[in-house]
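Trainee: Here you go, run_4.cif (mmCIF, C-alpha atoms):
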```cif
data_model
loop_
_atom_site.label_atom_id
_atom_site.label_comp_id
_atom_site.auth_asym_id
_atom_site.auth_seq_id
_atom_site.Cartn_x
_atom_site.Cartn_y
_atom_site.Cartn_z
CA MET A 7 53.55 -8.57 18.67
CA LYS A 8 53.45 -4.77 18.46
CA LEU A 9 51.82 -5.01 15.06
CA LEU A 10 49.19 -7.31 16.49
CA MET A 11 48.52 -4.88 19.32
CA LYS A 12 48.16 -2.00 16.84
CA LEU A 13 45.77 -4.06 14.76
CA PHE A 14 43.76 -4.94 17.84
CA THR A 15 43.56 -1.27 18.87
CA LEU A 16 42.44 -0.29 15.37
CA ILE A 17 39.72 -2.93 15.31
CA SER A 18 38.59 -1.87 18.78
CA ILE A 19 38.32 1.77 17.67
CA PHE A 20 36.30 0.78 14.61
CA PHE A 21 34.05 -1.39 16.75
CA LEU A 22 33.52 1.49 19.18
CA ILE A 23 32.66 3.88 16.35
CA PHE A 24 30.13 1.40 15.00
CA CYS A 25 28.58 0.94 18.42
CA LEU A 26 28.42 4.67 19.09
CA GLY A 27 26.99 5.24 15.65
CA CYS A 28 24.12 3.00 16.58
CA ALA A 29 23.64 4.61 19.98
CA GLY A 30 20.12 5.85 20.51
CA LYS A 31 18.64 3.13 18.36
CA GLY A 32 17.51 1.44 21.52
CA ASN A 33 15.21 4.35 22.35
CA PRO A 34 11.81 4.15 20.74
CA ASP A 35 11.34 6.79 18.06
CA PHE A 36 7.59 6.63 18.25
CA TYR A 37 4.94 7.16 20.89
CA LEU A 38 2.69 4.42 22.19
CA ASN A 39 0.46 4.98 25.21
CA HIS A 40 1.19 1.96 27.35
CA ASP A 41 -1.80 2.62 29.59
CA ILE A 42 -4.10 1.73 26.72
CA ASP A 43 -5.10 -1.84 25.99
CA PHE A 44 -4.70 -1.92 22.22
CA SER A 45 -6.31 -5.32 21.94
CA TYR A 46 -9.75 -3.74 22.25
CA ILE A 47 -9.13 -1.78 19.03
CA LYS A 48 -10.66 -4.03 16.40
CA ARG A 49 -11.73 -1.50 13.84
CA VAL A 50 -10.25 1.84 12.80
CA ALA A 51 -11.00 4.57 10.28
CA VAL A 52 -8.23 6.19 8.31
CA LEU A 53 -9.17 9.84 7.89
CA PRO A 54 -7.81 11.94 5.00
CA LEU A 55 -4.18 12.88 5.64
CA ASP A 56 -2.87 16.43 5.49
CA ASN A 57 -0.96 17.07 2.32
CA LEU A 58 2.10 19.21 3.01
CA THR A 59 3.65 18.50 -0.39
CA ASN A 60 3.33 19.97 -3.86
CA ASP A 61 1.89 16.73 -5.23
CA LYS A 62 -1.89 17.10 -5.03
CA PHE A 63 -2.50 13.35 -4.83
CA ALA A 64 0.22 12.53 -2.29
CA ALA A 65 -2.10 12.38 0.73
CA ASP A 66 -4.78 10.29 -1.01
CA SER A 67 -2.15 7.94 -2.35
CA VAL A 68 -0.49 7.43 1.05
CA ARG A 69 -3.91 7.04 2.73
CA HIS A 70 -4.73 4.12 0.47
CA VAL A 71 -1.39 2.50 1.25
CA VAL A 72 -2.01 2.92 4.99
CA ILE A 73 -5.43 1.23 4.64
CA SER A 74 -3.92 -1.56 2.55
CA GLU A 75 -1.07 -2.10 5.03
CA LEU A 76 -3.36 -2.17 8.06
CA LEU A 77 -5.50 -4.81 6.37
CA THR A 78 -2.47 -6.79 5.20
CA THR A 79 -0.94 -6.93 8.66
CA GLY A 80 -4.27 -8.19 10.02
CA LEU A 81 -3.94 -5.97 13.08
CA VAL A 82 -7.28 -4.25 12.67
CA ASP A 83 -10.27 -4.01 10.40
CA VAL A 84 -10.56 -0.74 8.49
CA SER A 85 -13.76 1.12 7.71
CA CYS A 86 -14.59 1.92 4.11
CA PRO A 87 -12.65 5.05 2.98
CA GLY A 88 -15.82 6.59 1.57
CA ASP A 89 -17.65 6.10 4.86
CA ALA A 90 -14.96 8.07 6.67
CA LEU A 91 -15.34 10.98 4.25
CA ALA A 92 -19.13 10.79 4.46
CA ALA A 93 -18.92 10.88 8.27
CA LEU A 94 -16.74 13.99 8.14
CA GLU A 95 -19.21 15.61 5.77
CA GLY A 96 -22.13 14.60 7.98
CA LEU A 97 -20.46 16.11 11.04
CA LYS A 98 -19.59 19.21 8.97
CA ILE A 99 -15.87 18.80 9.61
CA LYS A 100 -13.90 20.52 6.90
CA GLN A 101 -10.39 20.47 8.31
CA VAL A 102 -9.10 17.15 9.64
CA GLN A 103 -5.89 18.70 11.02
CA SER A 104 -7.82 20.66 13.64
CA LEU A 105 -9.99 17.91 15.09
CA ASN A 106 -10.86 18.25 18.75
CA ALA A 107 -11.56 15.43 21.20
CA GLU A 108 -15.35 15.80 20.90
CA GLN A 109 -15.19 15.54 17.11
CA ILE A 110 -13.00 12.43 17.34
CA LYS A 111 -15.56 10.84 19.68
CA SER A 112 -18.38 11.75 17.29
CA ILE A 113 -16.53 10.23 14.33
CA GLY A 114 -15.96 7.08 16.35
CA LYS A 115 -19.67 6.77 17.15
CA THR A 116 -20.75 7.46 13.56
CA LEU A 117 -18.32 4.98 12.01
CA ASN A 118 -18.48 2.45 14.85
CA VAL A 119 -14.69 2.40 15.22
CA GLN A 120 -12.55 2.26 18.33
CA ALA A 121 -9.84 4.54 16.91
CA VAL A 122 -9.16 6.90 14.03
CA ILE A 123 -5.89 7.39 12.20
CA ILE A 124 -4.90 10.89 11.25
CA GLY A 125 -1.62 12.25 9.97
CA ALA A 126 0.27 14.11 7.32
CA VAL A 127 2.43 13.56 4.28
CA ASN A 128 5.37 15.89 4.83
CA LYS A 129 7.49 14.96 1.85
CA TYR A 130 6.62 13.07 -1.30
CA GLY A 131 8.67 13.21 -4.44
CA GLU A 132 12.07 13.04 -6.04
CA VAL A 133 15.11 14.75 -4.53
CA ARG A 134 18.22 15.51 -6.49
CA GLU A 135 21.61 14.51 -5.05
CA GLY A 136 24.33 15.62 -7.44
CA ASN A 137 23.53 14.02 -10.75
CA VAL A 138 21.29 11.38 -9.23
CA SER A 139 17.65 11.81 -8.31
CA ALA A 140 15.98 9.56 -5.79
CA PRO A 141 12.58 9.32 -4.14
CA GLU A 142 11.98 10.75 -0.68
CA VAL A 143 8.90 10.25 1.47
CA THR A 144 8.16 11.45 5.00
CA ILE A 145 4.92 10.71 6.81
CA THR A 146 3.45 11.26 10.25
CA LEU A 147 0.69 8.98 11.51
CA MET A 148 -1.30 9.26 14.72
CA MET A 149 -3.99 7.13 16.26
CA ALA A 150 -6.67 8.75 18.39
CA ASP A 151 -8.86 6.76 20.76
CA THR A 152 -12.51 7.50 19.99
CA GLY A 153 -13.48 6.76 23.57
CA SER A 154 -11.40 9.53 25.09
CA GLY A 155 -10.38 11.53 22.03
CA SER A 156 -6.71 11.40 23.01
CA ILE A 157 -3.69 10.42 20.91
CA ILE A 158 -2.52 6.92 21.77
CA TRP A 159 0.03 6.27 19.02
CA SER A 160 2.21 8.54 16.98
CA VAL A 161 5.04 7.87 14.59
CA THR A 162 7.06 9.74 11.99
CA ARG A 163 8.97 7.87 9.35
CA THR A 164 11.15 9.09 6.52
CA ARG A 165 13.00 7.28 3.79
CA GLY A 166 14.76 8.34 0.67
CA GLY A 167 17.88 9.33 -1.13
CA ALA A 168 20.16 7.25 -3.28
CA GLY A 169 22.37 4.75 -1.49
CA PHE A 170 26.09 4.28 -2.03
CA MET A 171 25.63 1.40 -4.47
CA VAL A 172 23.05 3.35 -6.49
CA ARG A 173 25.19 6.49 -6.68
CA HIS A 174 28.43 4.79 -7.60
CA PHE A 175 27.60 1.46 -9.19
CA GLY A 176 24.19 1.98 -10.75
CA ALA A 177 22.50 -0.58 -8.52
CA LYS A 178 18.75 -0.80 -8.65
CA SER A 179 17.19 2.09 -6.76
CA GLU A 180 13.77 2.19 -5.17
CA THR A 181 10.86 3.72 -7.03
CA LEU A 182 8.64 6.30 -5.36
CA SER A 183 5.88 3.72 -4.91
CA GLU A 184 8.27 1.28 -3.24
CA THR A 185 9.55 4.02 -0.94
CA VAL A 186 5.96 4.89 0.08
CA LEU A 187 5.24 1.26 0.85
CA HIS A 188 8.42 0.89 2.94
CA VAL A 189 7.74 4.05 4.93
CA VAL A 190 4.13 3.10 5.65
CA ASN A 191 5.14 -0.45 6.49
CA GLU A 192 7.82 0.77 8.92
CA ALA A 193 5.33 3.11 10.57
CA VAL A 194 2.55 0.51 10.88
CA ARG A 195 5.02 -2.08 12.17
CA THR A 196 5.57 0.01 15.30
CA LEU A 197 2.00 -0.92 16.26
CA TYR A 198 3.20 -4.50 16.59
CA LYS A 199 4.98 -3.40 19.75
CA TYR A 200 1.78 -3.72 21.68
CA MET B 28 20.74 -46.35 -5.64
CA HIS B 29 22.89 -43.22 -5.51
CA LYS B 30 21.53 -42.05 -8.84
CA LYS B 31 17.95 -42.46 -7.67
CA LEU B 32 18.69 -40.51 -4.50
CA LEU B 33 20.33 -37.78 -6.55
CA ILE B 34 17.27 -37.50 -8.82
CA VAL B 35 14.92 -37.33 -5.83
CA PHE B 36 17.13 -34.68 -4.24
CA GLN B 37 17.21 -32.66 -7.48
CA CYS B 38 13.41 -32.83 -7.83
CA LEU B 39 12.94 -31.75 -4.22
CA PHE B 40 15.39 -28.87 -4.63
CA SER B 41 13.62 -27.68 -7.81
CA LEU B 42 10.25 -27.84 -6.07
CA ILE B 43 11.48 -25.84 -3.07
CA LEU B 44 13.13 -23.29 -5.36
CA THR B 45 9.93 -22.91 -7.39
CA ILE B 46 7.85 -22.41 -4.23
CA VAL B 47 10.32 -19.86 -2.89
CA LEU B 48 10.32 -17.98 -6.20
CA ILE B 49 6.53 -17.95 -6.47
CA GLN B 50 6.13 -16.82 -2.86
CA GLY B 51 8.83 -14.19 -3.28
CA CYS B 52 7.13 -12.68 -6.33
CA SER B 53 3.68 -12.46 -4.82
CA PRO B 54 2.71 -8.95 -3.67
CA LYS B 55 1.65 -8.45 -0.06
CA HIS B 56 -2.07 -8.81 0.25
CA TYR B 57 -4.96 -9.38 2.64
CA VAL B 58 -7.59 -12.07 2.35
CA ARG B 59 -10.33 -12.19 4.94
CA GLY B 60 -10.28 -15.43 6.89
CA LYS B 61 -12.82 -18.14 5.97
CA THR B 62 -13.49 -16.45 2.64
CA ASP B 63 -14.73 -18.78 -0.09
CA ILE B 64 -13.26 -17.08 -3.13
CA LYS B 65 -14.65 -19.78 -5.41
CA GLY B 66 -18.13 -18.68 -4.38
CA ILE B 67 -17.59 -15.36 -6.11
CA LYS B 68 -18.89 -15.80 -9.63
CA LYS B 69 -19.77 -12.28 -10.68
CA ILE B 70 -17.96 -9.03 -9.92
CA ALA B 71 -18.69 -5.40 -10.71
CA VAL B 72 -15.53 -3.37 -11.20
CA LEU B 73 -16.18 0.23 -10.18
CA PRO B 74 -14.25 3.08 -11.81
CA PHE B 75 -10.92 3.49 -9.99
CA GLU B 76 -9.71 6.60 -8.23
CA ASN B 77 -6.91 8.20 -10.19
CA PHE B 78 -3.98 9.78 -8.34
CA THR B 79 -1.86 10.24 -11.44
CA ALA B 80 -1.28 12.97 -13.97
CA ASP B 81 -2.72 10.75 -16.71
CA GLU B 82 -6.46 11.49 -16.65
CA ALA B 83 -7.33 8.18 -18.29
CA ALA B 84 -5.10 6.01 -16.09
CA GLY B 85 -7.97 4.89 -13.86
CA GLU B 86 -10.06 3.76 -16.80
CA LYS B 87 -7.08 2.07 -18.51
CA ILE B 88 -6.32 0.00 -15.43
CA ARG B 89 -10.01 -0.77 -14.93
CA ARG B 90 -10.22 -2.26 -18.45
CA ILE B 91 -7.12 -4.37 -17.81
CA VAL B 92 -8.62 -5.62 -14.52
CA ILE B 93 -11.89 -6.56 -16.27
CA ALA B 94 -10.02 -8.35 -19.06
CA ASP B 95 -7.88 -10.24 -16.53
CA LEU B 96 -10.88 -11.30 -14.44
CA LEU B 97 -12.69 -12.53 -17.55
CA SER B 98 -9.61 -14.50 -18.61
CA ARG B 99 -9.73 -16.26 -15.22
CA GLY B 100 -13.34 -17.25 -15.77
CA VAL B 101 -14.86 -14.66 -13.44
CA GLU B 102 -17.94 -12.99 -14.85
CA THR B 103 -17.82 -9.19 -14.76
CA VAL B 104 -20.48 -6.59 -15.34
CA GLU B 105 -20.21 -4.50 -18.49
CA PRO B 106 -18.48 -1.17 -17.54
CA GLY B 107 -21.26 0.84 -19.18
CA GLU B 108 -23.82 -0.88 -16.99
CA VAL B 109 -21.83 0.01 -13.86
CA THR B 110 -21.63 3.64 -15.00
CA ARG B 111 -25.41 3.70 -15.55
CA VAL B 112 -26.05 2.40 -12.03
CA LEU B 113 -23.62 4.94 -10.55
CA ARG B 114 -25.53 7.66 -12.40
CA ASP B 115 -28.86 6.29 -11.12
CA PHE B 116 -27.51 6.37 -7.55
CA LYS B 117 -26.41 9.99 -8.19
CA ILE B 118 -22.81 9.22 -7.21
CA LYS B 119 -20.57 12.03 -8.34
CA SER B 120 -17.30 11.26 -6.59
CA LEU B 121 -15.82 7.83 -6.06
CA ASN B 122 -13.78 8.76 -3.01
CA VAL B 123 -16.93 9.46 -0.97
CA LEU B 124 -18.60 6.19 -1.90
CA LYS B 125 -20.18 4.80 1.27
CA LEU B 126 -20.24 1.14 2.16
CA SER B 127 -24.05 1.10 2.05
CA GLU B 128 -23.89 2.52 -1.48
CA ILE B 129 -21.34 -0.09 -2.55
CA LYS B 130 -23.65 -2.80 -1.21
CA ASP B 131 -26.63 -1.30 -3.04
CA ILE B 132 -24.67 -1.07 -6.29
CA GLY B 133 -23.67 -4.71 -5.97
CA LYS B 134 -27.25 -5.78 -5.26
CA THR B 135 -28.63 -3.75 -8.17
CA LEU B 136 -26.09 -5.26 -10.54
CA GLY B 137 -26.65 -8.75 -9.14
CA THR B 138 -23.01 -9.33 -8.27
CA ASP B 139 -21.43 -11.31 -5.46
CA ALA B 140 -18.74 -8.69 -4.91
CA VAL B 141 -17.68 -5.23 -5.97
CA MET B 142 -14.12 -4.28 -6.80
CA SER B 143 -12.91 -0.77 -6.07
CA GLY B 144 -9.43 0.66 -6.09
CA ALA B 145 -7.01 3.38 -7.00
CA VAL B 146 -4.22 3.95 -9.48
CA GLU B 147 -1.39 5.51 -7.53
CA TYR B 148 1.20 5.69 -10.25
CA TYR B 149 1.00 5.33 -14.01
CA GLY B 150 3.69 6.77 -16.22
CA MET B 151 7.34 6.93 -17.14
CA SER B 152 9.70 7.55 -14.23
CA LYS B 153 13.21 8.86 -14.41
CA GLY B 154 15.88 6.59 -13.03
CA VAL B 155 19.57 7.27 -12.54
CA SER B 156 20.41 6.66 -16.17
CA VAL B 157 17.23 5.44 -17.84
CA ASN B 158 13.52 6.13 -18.01
CA TYR B 159 11.28 3.26 -17.07
CA PRO B 160 7.55 2.56 -16.83
CA GLU B 161 6.08 2.62 -13.33
CA VAL B 162 2.61 1.44 -12.40
CA THR B 163 1.16 1.10 -8.89
CA VAL B 164 -2.35 -0.10 -8.20
CA ASN B 165 -4.42 -0.62 -5.10
CA LEU B 166 -7.37 -3.01 -5.34
CA ARG B 167 -10.09 -4.02 -2.89
CA LEU B 168 -12.86 -6.58 -3.17
CA ILE B 169 -15.98 -5.95 -1.10
CA GLU B 170 -18.64 -8.58 -0.53
CA THR B 171 -22.04 -7.33 -1.63
CA ALA B 172 -24.04 -9.19 1.03
CA SER B 173 -22.00 -8.23 4.11
CA GLY B 174 -20.03 -5.20 2.94
CA ALA B 175 -16.86 -6.78 4.31
CA VAL B 176 -13.51 -6.26 2.62
CA LEU B 177 -12.65 -9.73 1.32
CA TRP B 178 -9.36 -8.94 -0.31
CA SER B 179 -6.98 -6.04 -0.55
CA VAL B 180 -3.74 -5.77 -2.47
CA ARG B 181 -1.24 -3.15 -3.51
CA ASN B 182 1.18 -3.92 -6.28
CA THR B 183 3.88 -1.89 -7.92
CA SER B 184 6.07 -2.58 -10.90
CA GLY B 185 9.41 -1.54 -9.44
CA GLY B 186 12.33 0.03 -11.27
CA PRO B 187 14.27 -0.96 -14.38
CA ASP B 188 15.98 -4.34 -14.42
CA PHE B 189 19.72 -5.04 -14.50
CA TRP B 190 19.98 -5.30 -18.29
CA THR B 191 18.12 -2.05 -18.90
CA ARG B 192 20.17 -0.16 -16.33
CA HIS B 193 23.59 -1.34 -17.38
CA PHE B 194 23.29 -2.33 -21.03
CA GLY B 195 20.41 -0.17 -22.20
CA SER B 196 18.41 -3.16 -23.37
CA GLU B 197 14.83 -2.32 -24.24
CA GLY B 198 12.54 -2.83 -21.27
CA ILE B 199 8.84 -3.55 -21.36
CA THR B 200 6.37 -0.85 -22.33
CA LEU B 201 4.02 1.03 -20.00
CA SER B 202 1.04 -1.03 -21.19
CA GLU B 203 2.90 -4.30 -20.64
CA THR B 204 3.93 -3.12 -17.19
CA ALA B 205 0.31 -2.24 -16.33
CA GLY B 206 -0.80 -5.68 -17.51
CA ASP B 207 1.87 -7.41 -15.41
CA VAL B 208 1.07 -5.39 -12.28
CA VAL B 209 -2.67 -6.14 -12.55
CA ARG B 210 -2.06 -9.83 -13.33
CA GLU B 211 0.28 -10.25 -10.32
CA ALA B 212 -2.22 -8.50 -8.06
CA ILE B 213 -5.24 -10.55 -9.15
CA ARG B 214 -3.22 -13.77 -9.01
CA THR B 215 -3.15 -13.39 -5.22
CA LEU B 216 -6.93 -13.82 -5.23
CA PHE B 217 -7.85 -16.27 -8.00
#
```
Using structure tokens, write down the structure from this file.

Mentor:
Amino acid sequence: MKLLMKLFTLISIFFLIFCLGCAGKGNPDFYLNHDIDFSYIKRVAVLPLDNLTNDKFAADSVRHVVISELLTTGLVDVSCPGDALAALEGLKIKQVQSLNAEQIKSIGKTLNVQAVIIGAVNKYGEVREGNVSAPEVTITLMMADTGSGSIIWSVTRTRGGAGFMVRHFGAKSETLSETVLHVVNEAVRTLYKY
Amino acid sequence: MHKKLLIVFQCLFSLILTIVLIQGCSPKHYVRGKTDIKGIKKIAVLPFENFTADEAAGEKIRRIVIADLLSRGVETVEPGEVTRVLRDFKIKSLNVLKLSEIKDIGKTLGTDAVMSGAVEYYGMSKGVSVNYPEVTVNLRLIETASGAVLWSVRNTSGGPDFWTRHFGSEGITLSETAGDVVREAIRTLF
């Protein structure tokens, strides 16, 4: 009987640790302006992302994945990537990271979109963990309403590193491309919340 | 009676398994609703954007795409002809190609749709214990008449398989991987 009680206590402790370990997961780790009716956003433009990595193509690469994912999910229509760049050129905007509300409104009018997506690629590449290297990608995406010029959605997602099975048993690890797709997919999926 | 039932059950199981496998292997893609893909007879494949260290990767993938489309019975415009039209339109950079320009290119070449895209990854990647070929492509099909995106897909080859990782068996080459990635991507359309 005592042994059973000890076993029960042990299981309870483990259960508590697991539960506490997951604490905080219930809080949203992204921002969504609940005052906005997202259903009116039918068409968006994905502007060039800031590249904060050493890989010169990281931002372009992630931008294409974001466009592809938005189309795949069927949430919104996306304007032609070249049109977005042409609009920036036309409005003489050189730096996308320092857009003000008026510029966002102007882009919206030029491209006939209800929102623009801006963001940054913070990390893109392989990281070394002991004798194992694994891909790591971190992105930040934001959606700005072209009617008001304010941010209505923001999310940061990161993924990477070699898992236990990869490190110790040589299980199949993700490639950099797969990691990018997962990160973008996770970020875009938060838009489903509306 | 039992034998007949067993055979029917086996056939059904095989069919379900095949469907599951085919669905599971298909890359995620977008097809515009009410699109009549069979109506697309002629496509112009534009040069692809290249985000890789291999300067010729875009052109390599483009040739594979053209060859694959032709093998599926879709007429494609000669790459040289597309280049000539791009030169006539004074288009220097592909990443600033406007929708109106894409439509004009399609009309000039007499195509139903224009395919554009990007090569995100093309090369040998380093795994935990082995090197393996990695190819990632992003393709889009734009209707010439309306300028609407009809289809969009992103496909990647993934890492080395079980036998390569654990037993060092020879995997497929980079060219074979590129061919497979393009084939899987285009299969979602035609």

Trainee: Taking only residues of chain B that have an atom at most 6 Å from an atom of chain A, what is each one's shortest atom pair and its distance in Å to one decimal, using all atoms listed in the file, in chain and number order, as a tab-separated table?

Mentor:
```
residue	atom	partner	partner_atom	distance
B:His56	CA	A:Thr78	CA	5.4
B:Tyr57	CA	A:Thr78	CA	4.4
B:Phe78	CA	A:Phe63	CA	5.2
B:Asn122	CA	A:Gly88	CA	5.5
B:Val123	CA	A:Gly88	CA	4.0
B:Leu124	CA	A:Gly88	CA	4.5
B:Lys125	CA	A:Asp89	CA	4.6
B:Glu147	CA	A:Ser67	CA	5.8
B:Val155	CA	A:Val138	CA	5.6
B:Gly185	CA	A:Thr181	CA	6.0
B:Gly186	CA	A:Thr181	CA	5.8
```

Trainee: Check the smallest atom-to-atom distance from each of B:Lys69, B:Tyr149, B:Gly100, B:Lys119 to Ala83 of chain B using all atoms listed in the file, then report the winner.

Mentor: B:Tyr149

Trainee: Apply the PyMOL selection byres ((chain B and resi 113) around 12) to the file shown and report the selected residues as a count of residues only.

Mentor: 27

Trainee: Between B:Arg214, B:Arg90, B:Lys65, B:Lys130, which is the closest to Glu170 of chain B once you count all atoms listed in the file?

Mentor: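 Nearest to Glu170 of chain B: B:Lys130.
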
Trainee: Counting only C-alpha atoms, which of B:Val162, B:Met151, B:Met142, B:Ile93 gets nearest to Thr204 of chain B?

Mentor: B:Val162

Trainee: Going by the chain IDs and residue numbers used in this file, which residues fall under the PyMOL selection byres ((chain A and resi 38) around 7)? Write them as a PyMOL selection string.

Mentor: chain A and resi 36-37+39-40+158-160

Trainee: Would you mind exporting the chosen residues as a JSON list (two decimals), keeping the file's coordinate frame, restricted to C-alpha atoms?

Mentor:
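Output contents, as saved in part_28.json:
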```json
[["chain", "number", "residue", "atom", "x", "y", "z"],
["A", 36, "PHE", "CA", 7.59, 6.63, 18.25],
["A", 37, "TYR", "CA", 4.94, 7.16, 20.89],
["A", 39, "ASN", "CA", 0.46, 4.98, 25.21],
["A", 40, "HIS", "CA", 1.19, 1.96, 27.35],
["A", 158, "ILE", "CA", -2.52, 6.92, 21.77],
["A", 159, "TRP", "CA", 0.03, 6.27, 19.02],
["A", 160, "SER", "CA", 2.21, 8.54, 16.98]]
```

Trainee: To test your reading of the syntax: which residues would the PyMOL selection byres ((chain A and resi 102) around 8) return for the file shown? Reply as a PyMOL selection string.

Mentor: chain A and resi 53-56+99-101+103-105+124

Trainee: From the options B:Asp139, B:Glu161, B:Asp63, B:Asp81, which residue's atoms come nearest to Val104 of chain B, counting only C-alpha atoms?

Mentor: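 Nearest candidate to Val104 of chain B out of B:Asp139, B:Glu161, B:Asp63, B:Asp81: B:Asp139.
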
Trainee: As an exercise, work out the distance from atom CA of Ile145 of chain A to atom CA of Gly166 of chain A in Å and give it to one decimal place.

Mentor: 11.8 Å

Trainee: Quick one, how far is atom CA of Pro187 of chain B from atom CA of Tyr148 of chain B?

Mentor: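 Answer for the atom CA of Pro187 of chain B to atom CA of Tyr148 of chain B separation: 15.2 Å.
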
Trainee: Taking all atoms listed in the file into account, which of B:Ile199, B:Val58, B:Ile91, B:Leu96 comes nearest Val180 of chain B?

Mentor: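 Of all the options, B:Val58 lies closest to Val180 of chain B.
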
Trainee: Report, in Å to a single decimal, how far apart atom CA of Tyr46 of chain A and atom CA of Gly60 of chain B are.

Mentor: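 According to the coordinates, atom CA of Gly60 of chain B and atom CA of Tyr46 of chain A are separated by 19.3 Å.
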
Trainee: Could you give me, as a PDB file with C-alpha atoms, in the frame of the given file, the residues that have an atom at most 10 Å away from the point (-2.2, -7.7, -16.6) in the coordinates of the file, using all atoms listed in the file?

Mentor:
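Contents of point_26.pdb, as written:
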```
ATOM      1  CA  ILE B  88      -6.320   0.000 -15.430  1.00  0.00           C
ATOM      2  CA  ARG B  90     -10.220  -2.260 -18.450  1.00  0.00           C
ATOM      3  CA  ILE B  91      -7.120  -4.370 -17.810  1.00  0.00           C
ATOM      4  CA  VAL B  92      -8.620  -5.620 -14.520  1.00  0.00           C
ATOM      5  CA  ILE B  93     -11.890  -6.560 -16.270  1.00  0.00           C
ATOM      6  CA  ALA B  94     -10.020  -8.350 -19.060  1.00  0.00           C
ATOM      7  CA  ASP B  95      -7.880 -10.240 -16.530  1.00  0.00           C
ATOM      8  CA  LEU B  96     -10.880 -11.300 -14.440  1.00  0.00           C
ATOM      9  CA  SER B 202       1.040  -1.030 -21.190  1.00  0.00           C
ATOM     10  CA  GLU B 203       2.900  -4.300 -20.640  1.00  0.00           C
ATOM     11  CA  THR B 204       3.930  -3.120 -17.190  1.00  0.00           C
ATOM     12  CA  ALA B 205       0.310  -2.240 -16.330  1.00  0.00           C
ATOM     13  CA  GLY B 206      -0.800  -5.680 -17.510  1.00  0.00           C
ATOM     14  CA  ASP B 207       1.870  -7.410 -15.410  1.00  0.00           C
ATOM     15  CA  VAL B 208       1.070  -5.390 -12.280  1.00  0.00           C
ATOM     16  CA  VAL B 209      -2.670  -6.140 -12.550  1.00  0.00           C
ATOM     17  CA  ARG B 210      -2.060  -9.830 -13.330  1.00  0.00           C
ATOM     18  CA  GLU B 211       0.280 -10.250 -10.320  1.00  0.00           C
ATOM     19  CA  ALA B 212      -2.220  -8.500  -8.060  1.00  0.00           C
ATOM     20  CA  ILE B 213      -5.240 -10.550  -9.150  1.00  0.00           C
ATOM     21  CA  ARG B 214      -3.220 -13.770  -9.010  1.00  0.00           C
TER      22      ARG B 214
END
```

Trainee: Counting all atoms listed in the file, what is within 6 Å of Val146 of chain B, bar same-chain residues fewer than 4 positions away, as a PyMOL selection string?

Mentor: chain B and resi 77-78+85+164

Trainee: When you look at Val143 of chain A with a cut-off of 7 Å (counting all atoms listed in the file), what residues show up, excluding the ones that are within fewer than 3 positions of it in the same chain? I need them as a PyMOL selection string.

Mentor: chain A and resi 129-131+164-166+185-186

Trainee: If we count only C-alpha atoms and set the cut-off at 10 Å, which residues sit around Glu108 of chain A, ignoring sequence neighbours fewer than 2 positions away in its own chain? Please answer as a list in words.

Mentor: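 Within the cut-off, the hits are Leu105, Asn106, Ile110, Lys111, Ser112, Ile113, Gly114, Thr152, Gly153, Ser154, Gly155 and Ser156 of chain A.
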